[in-house]
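See below for structure29.pdb, which holds PDB, C-alpha atoms.
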```pdb
ATOM      1  CA  MET A   1      -9.726 -23.473  11.615  1.00  0.00           C
ATOM      2  CA  THR A   2     -12.123 -20.548  11.332  1.00  0.00           C
ATOM      3  CA  THR A   3     -12.708 -18.852   7.996  1.00  0.00           C
ATOM      4  CA  ALA A   4     -10.578 -15.903   9.083  1.00  0.00           C
ATOM      5  CA  GLN A   5      -7.719 -18.129  10.184  1.00  0.00           C
ATOM      6  CA  GLU A   6      -7.816 -20.119   6.951  1.00  0.00           C
ATOM      7  CA  PHE A   7      -7.750 -16.934   4.861  1.00  0.00           C
ATOM      8  CA  TRP A   8      -4.889 -15.272   6.726  1.00  0.00           C
ATOM      9  CA  GLU A   9      -2.785 -18.422   7.148  1.00  0.00           C
ATOM     10  CA  THR A  10      -2.966 -18.882   3.376  1.00  0.00           C
ATOM     11  CA  PHE A  11      -2.306 -15.177   2.795  1.00  0.00           C
ATOM     12  CA  TYR A  12       0.950 -15.284   4.770  1.00  0.00           C
ATOM     13  CA  SER A  13       2.030 -18.790   3.794  1.00  0.00           C
ATOM     14  CA  GLU A  14       2.014 -17.918   0.091  1.00  0.00           C
ATOM     15  CA  ARG A  15       4.710 -15.264   0.631  1.00  0.00           C
ATOM     16  CA  ASP A  16       7.998 -15.280   2.484  1.00  0.00           C
ATOM     17  CA  GLN A  17       7.331 -11.716   3.648  1.00  0.00           C
ATOM     18  CA  VAL A  18       4.236  -9.605   3.048  1.00  0.00           C
ATOM     19  CA  TRP A  19       4.908  -6.263   4.731  1.00  0.00           C
ATOM     20  CA  SER A  20       7.948  -3.989   4.834  1.00  0.00           C
ATOM     21  CA  GLY A  21       8.698  -4.532   8.516  1.00  0.00           C
ATOM     22  CA  LYS A  22       8.405  -0.787   9.122  1.00  0.00           C
ATOM     23  CA  PRO A  23       5.805   0.587  11.543  1.00  0.00           C
ATOM     24  CA  ASN A  24       2.610   2.193  10.292  1.00  0.00           C
ATOM     25  CA  PRO A  25       3.242   5.954   9.982  1.00  0.00           C
ATOM     26  CA  LEU A  26      -0.075   6.848  11.621  1.00  0.00           C
ATOM     27  CA  LEU A  27       0.810   4.813  14.705  1.00  0.00           C
ATOM     28  CA  VAL A  28       4.272   6.392  14.837  1.00  0.00           C
ATOM     29  CA  ARG A  29       2.801   9.875  14.608  1.00  0.00           C
ATOM     30  CA  GLU A  30       0.301   9.238  17.393  1.00  0.00           C
ATOM     31  CA  ALA A  31       2.352   7.049  19.751  1.00  0.00           C
ATOM     32  CA  GLU A  32       5.781   8.678  19.662  1.00  0.00           C
ATOM     33  CA  ARG A  33       4.566  11.360  22.080  1.00  0.00           C
ATOM     34  CA  LEU A  34       3.292   8.839  24.624  1.00  0.00           C
ATOM     35  CA  THR A  35       5.071   7.526  27.715  1.00  0.00           C
ATOM     36  CA  PRO A  36       5.828   3.808  27.249  1.00  0.00           C
ATOM     37  CA  GLY A  37       3.887   1.274  29.277  1.00  0.00           C
ATOM     38  CA  SER A  38       1.928  -1.812  28.306  1.00  0.00           C
ATOM     39  CA  ALA A  39       0.693  -2.082  24.714  1.00  0.00           C
ATOM     40  CA  LEU A  40      -1.711  -4.367  22.878  1.00  0.00           C
ATOM     41  CA  ASP A  41      -1.247  -4.541  19.098  1.00  0.00           C
ATOM     42  CA  LEU A  42      -4.370  -5.984  17.470  1.00  0.00           C
ATOM     43  CA  GLY A  43      -3.794  -7.599  14.086  1.00  0.00           C
ATOM     44  CA  CYS A  44      -0.044  -7.312  14.563  1.00  0.00           C
ATOM     45  CA  ALA A  45       0.773  -9.221  11.351  1.00  0.00           C
ATOM     46  CA  GLU A  46       4.544  -9.665  10.954  1.00  0.00           C
ATOM     47  CA  GLY A  47       5.328  -7.347  13.846  1.00  0.00           C
ATOM     48  CA  GLY A  48       6.383  -4.033  12.340  1.00  0.00           C
ATOM     49  CA  ASP A  49       4.397  -1.957  14.833  1.00  0.00           C
ATOM     50  CA  ALA A  50       5.059  -4.266  17.791  1.00  0.00           C
ATOM     51  CA  VAL A  51       8.819  -4.152  17.258  1.00  0.00           C
ATOM     52  CA  TRP A  52       8.818  -0.370  16.885  1.00  0.00           C
ATOM     53  CA  LEU A  53       6.895  -0.028  20.147  1.00  0.00           C
ATOM     54  CA  ALA A  54       9.221  -2.470  21.921  1.00  0.00           C
ATOM     55  CA  LYS A  55      12.250  -0.487  20.759  1.00  0.00           C
ATOM     56  CA  ARG A  56      10.717   2.557  22.431  1.00  0.00           C
ATOM     57  CA  GLY A  57      10.318   0.719  25.734  1.00  0.00           C
ATOM     58  CA  TRP A  58       6.764  -0.577  25.521  1.00  0.00           C
ATOM     59  CA  ARG A  59       5.855  -4.018  26.873  1.00  0.00           C
ATOM     60  CA  VAL A  60       4.026  -5.349  23.834  1.00  0.00           C
ATOM     61  CA  LEU A  61       1.530  -8.126  23.288  1.00  0.00           C
ATOM     62  CA  GLY A  62       0.931  -8.738  19.592  1.00  0.00           C
ATOM     63  CA  VAL A  63      -2.250 -10.512  18.543  1.00  0.00           C
ATOM     64  CA  ASP A  64      -3.140 -12.013  15.182  1.00  0.00           C
ATOM     65  CA  VAL A  65      -5.319 -14.792  13.805  1.00  0.00           C
ATOM     66  CA  SER A  66      -2.420 -16.215  11.759  1.00  0.00           C
ATOM     67  CA  GLN A  67       0.229 -18.313  13.485  1.00  0.00           C
ATOM     68  CA  VAL A  68       2.530 -17.823  10.493  1.00  0.00           C
ATOM     69  CA  ALA A  69       2.341 -14.062  11.013  1.00  0.00           C
ATOM     70  CA  LEU A  70       2.972 -14.400  14.748  1.00  0.00           C
ATOM     71  CA  ASP A  71       6.030 -16.594  14.181  1.00  0.00           C
ATOM     72  CA  ARG A  72       7.412 -13.950  11.825  1.00  0.00           C
ATOM     73  CA  ALA A  73       6.684 -11.217  14.366  1.00  0.00           C
ATOM     74  CA  LEU A  74       8.696 -13.094  16.991  1.00  0.00           C
ATOM     75  CA  LYS A  75      11.575 -13.550  14.567  1.00  0.00           C
ATOM     76  CA  HIS A  76      11.444  -9.868  13.641  1.00  0.00           C
ATOM     77  CA  ALA A  77      11.654  -8.957  17.319  1.00  0.00           C
ATOM     78  CA  TYR A  78      14.552 -11.364  17.890  1.00  0.00           C
ATOM     79  CA  ASP A  79      16.442  -9.965  14.896  1.00  0.00           C
ATOM     80  CA  ALA A  80      15.817  -6.439  16.201  1.00  0.00           C
ATOM     81  CA  GLY A  81      17.088  -7.322  19.672  1.00  0.00           C
ATOM     82  CA  VAL A  82      13.817  -6.715  21.511  1.00  0.00           C
ATOM     83  CA  GLU A  83      11.220  -8.868  23.208  1.00  0.00           C
ATOM     84  CA  ILE A  84       7.521  -9.036  22.466  1.00  0.00           C
ATOM     85  CA  SER A  85       4.817 -11.476  23.489  1.00  0.00           C
ATOM     86  CA  VAL A  86       2.271 -12.881  21.059  1.00  0.00           C
ATOM     87  CA  GLU A  87      -1.094 -14.636  21.274  1.00  0.00           C
ATOM     88  CA  ARG A  88      -3.266 -16.071  18.523  1.00  0.00           C
ATOM     89  CA  HIS A  89      -6.880 -14.898  18.586  1.00  0.00           C
ATOM     90  CA  ASP A  90      -9.733 -14.770  16.140  1.00  0.00           C
ATOM     91  CA  LEU A  91     -10.854 -11.508  17.694  1.00  0.00           C
ATOM     92  CA  LYS A  92     -14.530 -11.914  16.931  1.00  0.00           C
ATOM     93  CA  ALA A  93     -14.455 -15.001  19.181  1.00  0.00           C
ATOM     94  CA  THR A  94     -11.703 -14.470  21.785  1.00  0.00           C
ATOM     95  CA  PHE A  95      -9.785 -11.483  23.115  1.00  0.00           C
ATOM     96  CA  PRO A  96      -6.615 -11.148  25.208  1.00  0.00           C
ATOM     97  CA  GLU A  97      -7.088 -10.512  28.903  1.00  0.00           C
ATOM     98  CA  GLY A  98      -6.007  -7.470  30.857  1.00  0.00           C
ATOM     99  CA  LEU A  99      -5.870  -3.683  30.560  1.00  0.00           C
ATOM    100  CA  TYR A 100      -3.259  -1.804  28.552  1.00  0.00           C
ATOM    101  CA  ASP A 101      -1.854   1.719  28.464  1.00  0.00           C
ATOM    102  CA  LEU A 102      -2.055   1.617  24.683  1.00  0.00           C
ATOM    103  CA  VAL A 103      -4.312  -0.432  22.420  1.00  0.00           C
ATOM    104  CA  SER A 104      -3.494  -0.144  18.723  1.00  0.00           C
ATOM    105  CA  ALA A 105      -5.700  -1.300  15.846  1.00  0.00           C
ATOM    106  CA  GLN A 106      -4.064  -0.372  12.558  1.00  0.00           C
ATOM    107  CA  PHE A 107      -5.915  -1.141   9.306  1.00  0.00           C
ATOM    108  CA  LEU A 108      -8.002  -3.837  10.915  1.00  0.00           C
ATOM    109  CA  HIS A 109      -9.862  -4.590   7.689  1.00  0.00           C
ATOM    110  CA  SER A 110     -10.536  -8.106   6.433  1.00  0.00           C
ATOM    111  CA  PRO A 111     -12.034  -9.405   3.174  1.00  0.00           C
ATOM    112  CA  VAL A 112     -13.702 -12.169   5.178  1.00  0.00           C
ATOM    113  CA  GLU A 113     -15.061 -10.136   8.078  1.00  0.00           C
ATOM    114  CA  GLU A 114     -18.716 -10.530   9.007  1.00  0.00           C
ATOM    115  CA  GLU A 115     -21.227  -7.681   9.254  1.00  0.00           C
ATOM    116  CA  GLY A 116     -20.469  -5.670  12.381  1.00  0.00           C
ATOM    117  CA  GLU A 117     -17.371  -7.721  13.227  1.00  0.00           C
ATOM    118  CA  ARG A 118     -14.859  -4.850  13.110  1.00  0.00           C
ATOM    119  CA  ALA A 119     -17.126  -2.586  15.162  1.00  0.00           C
ATOM    120  CA  GLY A 120     -17.482  -5.274  17.821  1.00  0.00           C
ATOM    121  CA  ILE A 121     -13.723  -5.833  17.977  1.00  0.00           C
ATOM    122  CA  LEU A 122     -13.053  -2.120  18.343  1.00  0.00           C
ATOM    123  CA  ARG A 123     -15.610  -1.844  21.162  1.00  0.00           C
ATOM    124  CA  ARG A 124     -13.808  -4.686  22.928  1.00  0.00           C
ATOM    125  CA  ALA A 125     -10.521  -2.893  22.257  1.00  0.00           C
ATOM    126  CA  SER A 126     -11.809   0.212  24.042  1.00  0.00           C
ATOM    127  CA  GLU A 127     -12.706  -1.946  27.051  1.00  0.00           C
ATOM    128  CA  ALA A 128      -9.077  -3.112  27.205  1.00  0.00           C
ATOM    129  CA  VAL A 129      -7.705   0.427  27.657  1.00  0.00           C
ATOM    130  CA  ALA A 130      -6.523   1.168  31.193  1.00  0.00           C
ATOM    131  CA  PRO A 131      -7.478   4.447  32.901  1.00  0.00           C
ATOM    132  CA  GLY A 132      -5.167   7.113  31.507  1.00  0.00           C
ATOM    133  CA  GLY A 133      -4.491   4.976  28.432  1.00  0.00           C
ATOM    134  CA  TYR A 134      -5.019   5.443  24.715  1.00  0.00           C
ATOM    135  CA  LEU A 135      -6.771   3.708  21.842  1.00  0.00           C
ATOM    136  CA  ILE A 136      -5.299   4.426  18.403  1.00  0.00           C
ATOM    137  CA  ILE A 137      -7.299   3.293  15.377  1.00  0.00           C
ATOM    138  CA  GLY A 138      -5.961   3.663  11.851  1.00  0.00           C
ATOM    139  CA  GLY A 139      -8.104   2.707   8.887  1.00  0.00           C
ATOM    140  CA  HIS A 140      -8.433   3.171   5.157  1.00  0.00           C
ATOM    141  CA  ALA A 141     -10.910   5.794   3.950  1.00  0.00           C
ATOM    142  CA  GLY A 142     -11.182   4.323   0.453  1.00  0.00           C
ATOM    143  CA  ALA A 143      -9.766   1.748  -1.944  1.00  0.00           C
ATOM    144  CA  PRO A 144      -7.027   2.532  -4.505  1.00  0.00           C
ATOM    145  CA  SER A 145      -7.939   2.456  -8.185  1.00  0.00           C
ATOM    146  CA  TRP A 146      -6.439  -1.004  -8.734  1.00  0.00           C
ATOM    147  CA  SER A 147      -8.263  -2.639  -5.817  1.00  0.00           C
ATOM    148  CA  GLU A 148     -11.009  -5.194  -6.385  1.00  0.00           C
ATOM    149  CA  HIS A 149     -12.842  -3.805  -3.345  1.00  0.00           C
ATOM    150  CA  GLN A 150     -14.222  -0.637  -4.947  1.00  0.00           C
ATOM    151  CA  ASP A 151     -17.726  -1.305  -3.607  1.00  0.00           C
ATOM    152  CA  TYR A 152     -16.584  -1.667   0.003  1.00  0.00           C
ATOM    153  CA  ARG A 153     -17.623   1.242   2.210  1.00  0.00           C
ATOM    154  CA  PHE A 154     -14.796   1.985   4.588  1.00  0.00           C
ATOM    155  CA  PRO A 155     -16.002   3.361   7.943  1.00  0.00           C
ATOM    156  CA  THR A 156     -15.325   7.012   8.752  1.00  0.00           C
ATOM    157  CA  THR A 157     -13.994   8.178  12.114  1.00  0.00           C
ATOM    158  CA  LYS A 158     -17.565   9.258  12.920  1.00  0.00           C
ATOM    159  CA  ASP A 159     -18.741   5.719  12.159  1.00  0.00           C
ATOM    160  CA  VAL A 160     -16.069   4.341  14.478  1.00  0.00           C
ATOM    161  CA  LEU A 161     -16.957   6.762  17.273  1.00  0.00           C
ATOM    162  CA  ASP A 162     -20.636   5.905  16.899  1.00  0.00           C
ATOM    163  CA  HIS A 163     -19.811   2.186  17.110  1.00  0.00           C
ATOM    164  CA  LEU A 164     -17.565   2.673  20.134  1.00  0.00           C
ATOM    165  CA  GLY A 165     -20.259   4.519  22.085  1.00  0.00           C
ATOM    166  CA  LEU A 166     -17.682   6.026  24.444  1.00  0.00           C
ATOM    167  CA  ARG A 167     -18.859   7.610  27.691  1.00  0.00           C
ATOM    168  CA  ASP A 168     -17.772  10.950  29.152  1.00  0.00           C
ATOM    169  CA  ASN A 169     -14.656   9.412  30.673  1.00  0.00           C
ATOM    170  CA  TRP A 170     -13.047   9.592  27.224  1.00  0.00           C
ATOM    171  CA  ILE A 171     -11.652  12.499  25.234  1.00  0.00           C
ATOM    172  CA  ILE A 172     -10.764  12.680  21.547  1.00  0.00           C
ATOM    173  CA  ILE A 173      -7.092  13.465  20.898  1.00  0.00           C
ATOM    174  CA  THR A 174      -6.998  13.033  17.105  1.00  0.00           C
ATOM    175  CA  ASP A 175      -9.832  12.745  14.584  1.00  0.00           C
ATOM    176  CA  GLU A 176      -8.352  13.245  11.123  1.00  0.00           C
ATOM    177  CA  VAL A 177      -8.217  12.150   7.506  1.00  0.00           C
ATOM    178  CA  VAL A 178      -4.633  11.880   6.240  1.00  0.00           C
ATOM    179  CA  GLU A 179      -3.692  11.787   2.562  1.00  0.00           C
ATOM    180  CA  ARG A 180      -0.520  10.005   1.478  1.00  0.00           C
ATOM    181  CA  PRO A 181       1.103   9.047  -1.825  1.00  0.00           C
ATOM    182  CA  ILE A 182       1.063   5.385  -2.828  1.00  0.00           C
ATOM    183  CA  VAL A 183       2.391   3.353  -5.741  1.00  0.00           C
ATOM    184  CA  GLY A 184       0.357   0.515  -7.226  1.00  0.00           C
ATOM    185  CA  PRO A 185       1.515  -2.948  -8.332  1.00  0.00           C
ATOM    186  CA  ASP A 186       2.060  -1.711 -11.885  1.00  0.00           C
ATOM    187  CA  GLY A 187       3.721   1.537 -10.894  1.00  0.00           C
ATOM    188  CA  GLN A 188       0.529   3.590 -10.674  1.00  0.00           C
ATOM    189  CA  GLU A 189       1.054   6.754  -8.660  1.00  0.00           C
ATOM    190  CA  GLU A 190      -1.852   8.229  -6.739  1.00  0.00           C
ATOM    191  CA  THR A 191      -2.865   9.289  -3.259  1.00  0.00           C
ATOM    192  CA  ARG A 192      -4.854   7.395  -0.667  1.00  0.00           C
ATOM    193  CA  LYS A 193      -6.814   8.733   2.255  1.00  0.00           C
ATOM    194  CA  ASP A 194      -6.595   7.090   5.657  1.00  0.00           C
ATOM    195  CA  ASN A 195      -8.490   7.788   8.868  1.00  0.00           C
ATOM    196  CA  VAL A 196      -6.785   8.126  12.228  1.00  0.00           C
ATOM    197  CA  LEU A 197      -8.613   8.279  15.538  1.00  0.00           C
ATOM    198  CA  THR A 198      -6.903   8.536  18.911  1.00  0.00           C
ATOM    199  CA  VAL A 199      -8.957   8.622  22.088  1.00  0.00           C
ATOM    200  CA  LYS A 200      -7.836   8.739  25.718  1.00  0.00           C
ATOM    201  CA  ARG A 201      -9.582   7.124  28.660  1.00  0.00           C
ATOM    202  CA  LEU A 202      -9.519   9.553  31.575  1.00  0.00           C
ATOM    203  CA  PHE A 203     -10.653   7.235  34.367  1.00  0.00           C
TER     204      PHE A 203
END
```

What do you get writing this file as structure tokens?
Amino acid sequence: MTTAQEFWETFYSERDQVWSGKPNPLLVREAERLTPGSALDLGCAEGGDAVWLAKRGWRVLGVDVSQVALDRALKHAYDAGVEISVERHDLKATFPEGLYDLVSAQFLHSPVEEEGERAGILRRASEAVAPGGYLIIGGHAGAPSWSEHQDYRFPTTKDVLDHLGLRDNWIIITDEVVERPIVGPDGQEETRKDNVLTVKRLF
């Protein structure tokens, strides 16, 4: 197994369920206005976003490096009465084939990512967007006070756009910093800033 696969298989195997099963609010906000088609969910984890998209009529392929997470995503979809497809990829090495009307990359951060890895994956994600399709990228803008990753510099939307290097066949739909309340593991109440970037490929 790769380092990323080892980390995330352990991460999910140590817990019966990691995430709430609900979709990411930034994805909901950006995608609920779109016409359903084919969707690629990168780093789909336990399937919260993929299931939400499938319920809205999208044909979803969920991708993750962890097989444990993918198995849970399939079960989540089954329990919800929808169908999704899944593939296991370490995205710095392999990427799903095809073009999609929507490519979603929500909080694609990893403690074991290599220098430039996320930027490379997001560039490949943009190449997987079909003409007329959308790329939605959600990311943290900073670490909460209780996090051990205080020294990590989270990329801004400008950083992401610079890394993507999009040509003039793209337009920016959303480029925003969103602040939301969060509660820490010991009941700490504070706010956290997240970045959301939605771009559309025109042709």

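Minimum distance to A:Ala130 across A:Leu74, A:Ala31, A:Leu26, A:Leu202 (counting all atoms listed in the file) occurs at A:Leu202.
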
Which residues of stretch 115-140 of chain A sit at most 12 Å from stretch 169-175 of chain A, using all atoms listed in the file? Give each one's shortest atom pair and distance in Å (one decimal place), in chain and ascending residue order, as JSON lines.
```
{"residue": "A:Ser126", "atom": "CA", "partner": "A:Trp170", "partner_atom": "CA", "distance": 10.0}
{"residue": "A:Glu127", "atom": "CA", "partner": "A:Trp170", "partner_atom": "CA", "distance": 11.5}
{"residue": "A:Val129", "atom": "CA", "partner": "A:Trp170", "partner_atom": "CA", "distance": 10.6}
{"residue": "A:Ala130", "atom": "CA", "partner": "A:Trp170", "partner_atom": "CA", "distance": 11.4}
{"residue": "A:Pro131", "atom": "CA", "partner": "A:Asn169", "partner_atom": "CA", "distance": 9.0}
{"residue": "A:Gly132", "atom": "CA", "partner": "A:Trp170", "partner_atom": "CA", "distance": 9.3}
{"residue": "A:Gly133", "atom": "CA", "partner": "A:Trp170", "partner_atom": "CA", "distance": 9.8}
{"residue": "A:Tyr134", "atom": "CA", "partner": "A:Ile173", "partner_atom": "CA", "distance": 9.1}
{"residue": "A:Leu135", "atom": "CA", "partner": "A:Ile173", "partner_atom": "CA", "distance": 9.8}
{"residue": "A:Ile136", "atom": "CA", "partner": "A:Thr174", "partner_atom": "CA", "distance": 8.9}
{"residue": "A:Ile137", "atom": "CA", "partner": "A:Asp175", "partner_atom": "CA", "distance": 9.8}
{"residue": "A:Gly138", "atom": "CA", "partner": "A:Asp175", "partner_atom": "CA", "distance": 10.2}
{"residue": "A:Gly139", "atom": "CA", "partner": "A:Asp175", "partner_atom": "CA", "distance": 11.7}
```

One decimal, Å: what's the distance from atom CA of A:Leu197 over to atom CA of A:Leu53, could you say? 18.2 Å

Expected selection from the PyMOL selection byres ((chain A and resi 146) around 12), given as a list in words: Gly142, Ala143, Pro144, Ser145, Ser147, Glu148, His149, Gln150, Ile182, Val183, Gly184, Pro185, Asp186, Gly187, Gln188, Glu189, Glu190 and Arg192 of chain A

So the first atom is atom CA of A:Asp79 and the second is atom CA of A:Leu91; what is the distance between them in Å, to one decimal place?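 Atom CA of A:Leu91 lies 27.5 Å from atom CA of A:Asp79.
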
Contact residues around A:Ser13 with all atoms listed in the file at 9 Å, ignoring same-chain residues under 5 positions, as a VMD selection string: chain A and resid 8 68 to 69

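Across the model, the gap from atom CA of A:Val63 to atom CA of A:Leu164 is 20.3 Å.
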
Considering only C-alpha atoms, return as a VMD selection string whatever protein or nucleic-acid residues lie within 8 Å of A:Gln67, sequence-local ones (same chain, fewer than 4 positions apart) excluded. chain A and resid 9 71 88

Test item: the PyMOL selection byres ((chain A and resi 82) around 12) resolved as number ranges by chain: A: 47, 50-60, 73-81, 83-85

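By only C-alpha atoms, and with residues fewer than 4 positions from A:Asp194 along its chain excluded, the set lying at most 7 Å from it is A:Gly139, A:His140, A:Ala141, A:Val177, A:Val178, A:Glu179.
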
Expected residue set, 7 Å radius at (5.0, 3.7, 16.3), all atoms listed in the file, as number ranges by chain: A: 23-25, 27-29, 31-32, 49, 52-53

Nearest to A:Gly120, chosen from A:Arg180, A:His163, A:Arg15, A:Arg33, with all atoms listed in the file counted in the distances: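 Residue with the minimum atom-to-atom distance to A:Gly120: A:His163.
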
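Among the candidates A:Gln106, A:Trp19, A:Ala4, A:Lys92, the one nearest to A:Gly43 when counting all atoms listed in the file is A:Gln106.
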
Compute the distance from (-16.2, 2.3, 20.2) to each atom, counting all atoms listed in the file, keep the residues with any atom at most 10 Å away, and return them as a list of chain:residue names; use the coordinates of the file. A:Ala119, A:Gly120, A:Ile121, A:Leu122, A:Arg123, A:Arg124, A:Ala125, A:Ser126, A:Glu127, A:Leu135, A:Asp159, A:Val160, A:Leu161, A:Asp162, A:His163, A:Leu164, A:Gly165, A:Leu166, A:Arg167, A:Val199
